[in-house]
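Heads up, the thing below is written out as structure tokens.
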Amino acid sequence: MRYLDLPTAKSWSAIGLGTWQFGSREWGYGRDYAGADGEAGRIVARALELGVTVFDTAEAYGFGRSERILGEALDRADADPATTVVATKIFPVLPVDQVVVQRGTSSAARLRRKIDLYQVHQPNPVIGDGTTMAGMRTLQAANVVDEVGVSNYSLDRWQGAETALGTQVISNQVQYSLVSREPDRDLLPYARTAGRAILAYSPLAQGLLSGKFDADNRPANRVRSLNPLFLPESLRRVTPLIETLRAIADAHDATPSQVALAWTIHHPVVCAIPGASSVAQLESNCAAAEIRLGDDEYDALTAAAESFEPVRGLSALTGIARAQIGA
């Protein structure tokens with residue numbers, strides 16, 4: 001496992017574990033999977049064995065159920081609190097200081113531990129970060145929260161949140177993958193120079209970059225069915241990128257998913273947080289940390305990604321609507 005170089009008390013693994021699927025029915029994994037003594041618990045235990053330190057959840061995932069399952073699983077696995085980085089997020093409905101304190105305390109109770117990284121899940125369009133960060137300061141002073149982070153923030157708002165907090169806002173969790181490269185413009189350069197981190201969610205674009213899907217083999221999952229990346233035309237257009245992933249994967253005796261993750265964590269300030277539906281998938285994700293892409297390979301992947309243009313706008317909305325009604 002690789003680790004990020006950050007001004008934090010604990011080391012952050014370059015591959016973390018996203019746990020949206022633990023408590024949410026959207027992914028359709030079933031009751032046997034979700035229990036801390038089921039597959040979810042086995043995934044967490046194996047992640048710890050493989051050197052994963054970052055575990056990401058949110059109060060919005062299953063209305064707190066993901067937090068409970070993760071907390072129970074970490075307890076069952078005897079996770080070392082001195083090394084484990086447990087991250088969760090507040091859903092920013094009325095994120096004023098006292099609400100932040102109450103909900104942060106509730107999340108800590110569900111997780112059964114101090115929150116190592118407490119993130120604002122989305123920027124609130126009406127309520128500024130001044131009052132939100134006041135609540136974060138209170139939680140830090142009460143030793144309920146260690147580090148503060150944000151999610152889906154622009155660079156300006158990230159920096160503004162840090163000014164409001166009065167100390168480092170250590171991370172920004174954003175969508176980042178070969179097909180979502182917006183953070184390359186300003187978030188990644190800022191993180192590199194300021195000693196901050198990017199937590200990359202959907203680093204495999206919900207499985208698009210695995211190469212398992214094509215126009216004749218689309219995913220049935222409800223979450224993916226609403227994503228224009230999985231429309232037949234988008235799946236046809238992504239073929240050259242998938243072929244590039246496969247070629248580089250063959251050179252490393254790896255899979256396309258592993259190479260896509262290796263591209264994401266090529267930057268030493270990025271922690272990718274893919275989910276996992278099985279222990280085998282988790283092990284595959286973690287193995288990506290051992291792949292070191294050459295500059296030519298990284299550039300070839302980036303060039304192939306830049307050439308990919310998924311279906312967007314009205315065409316995407318029309319395609320999704322047709323898919324939902326079976327037209």
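Chain labels A, B, ... are given in the sequence in which chains occur in the structure tokens; within each chain residues are numbered consecutively from 1, and ligands are likewise numbered from 1 in the order shown.
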For range 203-206 of chain A: contacts at 10 Å, only C-alpha atoms, fewer than 2 positions along chain excluded, given as a compact mmCIF listing (two decimals) with C-alpha atoms, in the first residue's frame:
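After the write, out_9.txt holds the following:
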# COMPACT_ATOMS: atom_id res chain seq x y z
CA VAL A 174 -14.64 15.22 -5.51
CA GLN A 175 -15.46 13.00 -8.44
CA TYR A 176 -12.17 12.20 -10.12
CA SER A 177 -11.34 9.56 -12.69
CA LEU A 178 -10.20 9.20 -16.28
CA VAL A 179 -13.65 10.38 -17.39
CA SER A 180 -14.05 13.10 -14.72
CA LEU A 199 -10.39 12.20 -2.01
CA ALA A 200 -11.47 10.75 -5.34
CA TYR A 201 -14.93 9.27 -5.35
CA LEU A 208 -17.43 2.04 -16.54
CA LEU A 209 -13.62 1.80 -16.53
CA SER A 210 -13.67 -1.89 -15.64
CA VAL A 223 -27.87 3.99 -9.83
CA ARG A 224 -25.95 3.24 -13.01
CA ASN A 227 -25.92 7.75 -15.42
CA LEU A 229 -22.09 7.24 -19.13
CA PHE A 230 -23.97 3.94 -19.45
CA PRO A 256 -8.36 -2.34 -16.59
CA SER A 257 -9.87 -1.35 -13.23
CA GLN A 258 -6.49 -1.56 -11.53
CA VAL A 259 -4.85 0.58 -14.20
CA ALA A 260 -7.66 3.15 -13.98
CA LEU A 261 -7.09 3.35 -10.22
CA ALA A 262 -3.33 3.59 -10.72
CA TRP A 263 -3.93 6.56 -13.05
CA THR A 264 -6.06 8.26 -10.37
CA ILE A 265 -3.47 7.87 -7.59
CA CYS A 271 -6.64 9.02 -2.13
CA ALA A 272 -9.07 7.01 -4.25
CA ILE A 273 -12.07 5.60 -2.39
CA PRO A 274 -13.70 2.95 -4.58
CA GLY A 275 -16.45 0.83 -3.11
Exercise. Rank nothing, just name the residue among A:Gln159, A:Ser284, A:Thr302, A:Asn172 nearest to Asp129 in chain A, using only C-alpha atoms.
Key: A:Gln159
Run DSSP on the backbone of this structure and report the residues of range 189-297 of chain A it assigns to strand (DSSP E), as a compact mmCIF listing (two decimals) with N, CA and C atoms, in the first residue's frame.
# COMPACT_ATOMS: atom_id res chain seq x y z
N ALA A 197 -5.25 17.28 0.43
CA ALA A 197 -5.54 16.01 -0.24
C ALA A 197 -6.83 16.11 -1.06
N ILE A 198 -6.86 15.31 -2.10
CA ILE A 198 -8.07 15.08 -2.88
C ILE A 198 -8.53 13.66 -2.59
N LEU A 199 -9.77 13.52 -2.12
CA LEU A 199 -10.39 12.20 -2.01
C LEU A 199 -11.21 11.99 -3.27
N ALA A 200 -10.85 10.98 -4.04
CA ALA A 200 -11.47 10.75 -5.34
C ALA A 200 -12.59 9.73 -5.22
N TYR A 201 -13.83 10.23 -5.32
CA TYR A 201 -14.93 9.27 -5.35
C TYR A 201 -15.28 8.92 -6.79
N VAL A 270 -3.56 12.24 -3.94
CA VAL A 270 -4.90 11.69 -4.19
C VAL A 270 -5.08 10.37 -3.45
N CYS A 271 -6.19 10.28 -2.73
CA CYS A 271 -6.64 9.02 -2.13
C CYS A 271 -7.92 8.62 -2.86
N ALA A 272 -7.88 7.51 -3.57
CA ALA A 272 -9.07 7.01 -4.25
C ALA A 272 -9.89 6.17 -3.28
Would you give me, as CSV, each residue of range 288-314 of chain A having an atom within 12 Å of an atom of range 50-66 of chain A, along with its shortest atom pair and that distance in Å to one decimal, using only C-alpha atoms and sorting by chain and residue number?
residue,atom,partner,partner_atom,distance
A:Ala288,CA,A:Leu50,CA,11.9
A:Ala289,CA,A:Val52,CA,10.5
A:Glu290,CA,A:Leu50,CA,11.7
Saved selection, atoms kept: N, CA, C and O atoms, as a PDB file, in the first residue's frame:
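Printed below is out-v4.pdb as written:
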ATOM      1  N   ALA A 288      -3.937  -2.166  -6.966  1.00  0.00           N
ATOM      2  CA  ALA A 288      -3.635  -1.046  -7.864  1.00  0.00           C
ATOM      3  C   ALA A 288      -2.570  -0.128  -7.285  1.00  0.00           C
ATOM      4  O   ALA A 288      -1.858   0.555  -8.032  1.00  0.00           O
ATOM      5  N   ALA A 289      -2.443  -0.103  -5.957  1.00  0.00           N
ATOM      6  CA  ALA A 289      -1.441   0.758  -5.325  1.00  0.00           C
ATOM      7  C   ALA A 289      -0.023   0.309  -5.643  1.00  0.00           C
ATOM      8  O   ALA A 289       0.927   1.082  -5.468  1.00  0.00           O
ATOM      9  N   GLU A 290       0.129  -0.921  -6.112  1.00  0.00           N
ATOM     10  CA  GLU A 290       1.463  -1.433  -6.431  1.00  0.00           C
ATOM     11  C   GLU A 290       1.852  -1.171  -7.881  1.00  0.00           C
ATOM     12  O   GLU A 290       2.982  -1.465  -8.286  1.00  0.00           O
TER      13      GLU A 290
END
Exercise. Would you mind reading off the distance between CA of Ala45 in chain A and CA of Leu6 in chain A, one decimal, in Å?
Key: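 CA of Ala45 in chain A sits 24.8 Å away from CA of Leu6 in chain A.
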Self-check item: Using only C-alpha atoms: which of A:Ala254, A:Leu187, A:Leu74, A:Met133 has the shortest distance to Val99 in chain A
Solution: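 Answer, going by the shortest atom-to-atom distance: A:Met133.
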Self-check item: Expected answer as number ranges by chain: helix (DSSP H, G or I) residues in range 119-321 of chain A
Solution: A: 129-141, 155-165, 182-184, 187-194, 205-210, 222-225, 228-230, 232-237, 239-251, 256-264, 279-290, 295-306, 313-321
Exercise. To one decimal in Å, tell me the separation between CA of Leu188 in chain A and CA of Val269 in chain A.
Key: 7.7 Å
Quiz item: Excluding same-chain residues fewer than 2 positions from range 83-97 of chain A, what lies within 8 Å of it counting only C-alpha atoms, as a PyMOL selection string?
Solution: chain A and resi 10-12+53-60+67+79-81+99-101+103-104+107+115-124+127+131-136
Quiz item: With only C-alpha atoms as the basis for distance, which of A:Gly195, A:Glu72, A:Leu235, A:Val126 is at the shortest distance from Arg112 in chain A?
Solution: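 Ranking A:Gly195, A:Glu72, A:Leu235, A:Val126 by distance to Arg112 in chain A, first place goes to A:Glu72.
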Practice problem: Tell me which protein, DNA and RNA residues are within 7 Å of Phe22 in chain A, counting only C-alpha atoms, leaving out same-chain ones fewer than 3 positions away, and put them as a list in words. | Solution: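 The residues that qualify are Thr19, Ala34, Ala40, Ser66 and Ile69 of chain A.
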So that I have them on file, write out the residues from the current selection with N, CA, C and O atoms, as a compact mmCIF listing (two decimals), in the first residue's frame.
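Result file is out-v4.txt:
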# COMPACT_ATOMS: atom_id res chain seq x y z
N THR A 19 -17.93 3.42 1.42
CA THR A 19 -18.91 2.51 2.00
C THR A 19 -20.36 2.93 1.77
O THR A 19 -21.24 2.59 2.55
N ALA A 34 -24.99 -6.47 3.89
CA ALA A 34 -24.87 -5.22 4.63
C ALA A 34 -24.48 -5.39 6.09
O ALA A 34 -23.90 -4.49 6.68
N ALA A 40 -19.89 -7.15 4.27
CA ALA A 40 -19.36 -5.82 4.59
C ALA A 40 -18.31 -5.91 5.69
O ALA A 40 -17.25 -5.26 5.62
N SER A 66 -25.04 3.17 7.04
CA SER A 66 -23.66 2.88 6.64
C SER A 66 -22.68 3.20 7.76
O SER A 66 -21.73 2.44 8.00
N ILE A 69 -22.91 0.35 10.37
CA ILE A 69 -22.28 -0.89 9.89
C ILE A 69 -20.77 -0.76 9.89
O ILE A 69 -20.04 -1.67 10.31
Practice problem: Go through A:Ser234, A:Leu301, A:Ala73, A:Ser151 and flag the residue nearest Leu111 in chain A, using only C-alpha atoms for the distances. | Solution: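 Selected residue with least distance to Leu111 in chain A: A:Ala73.
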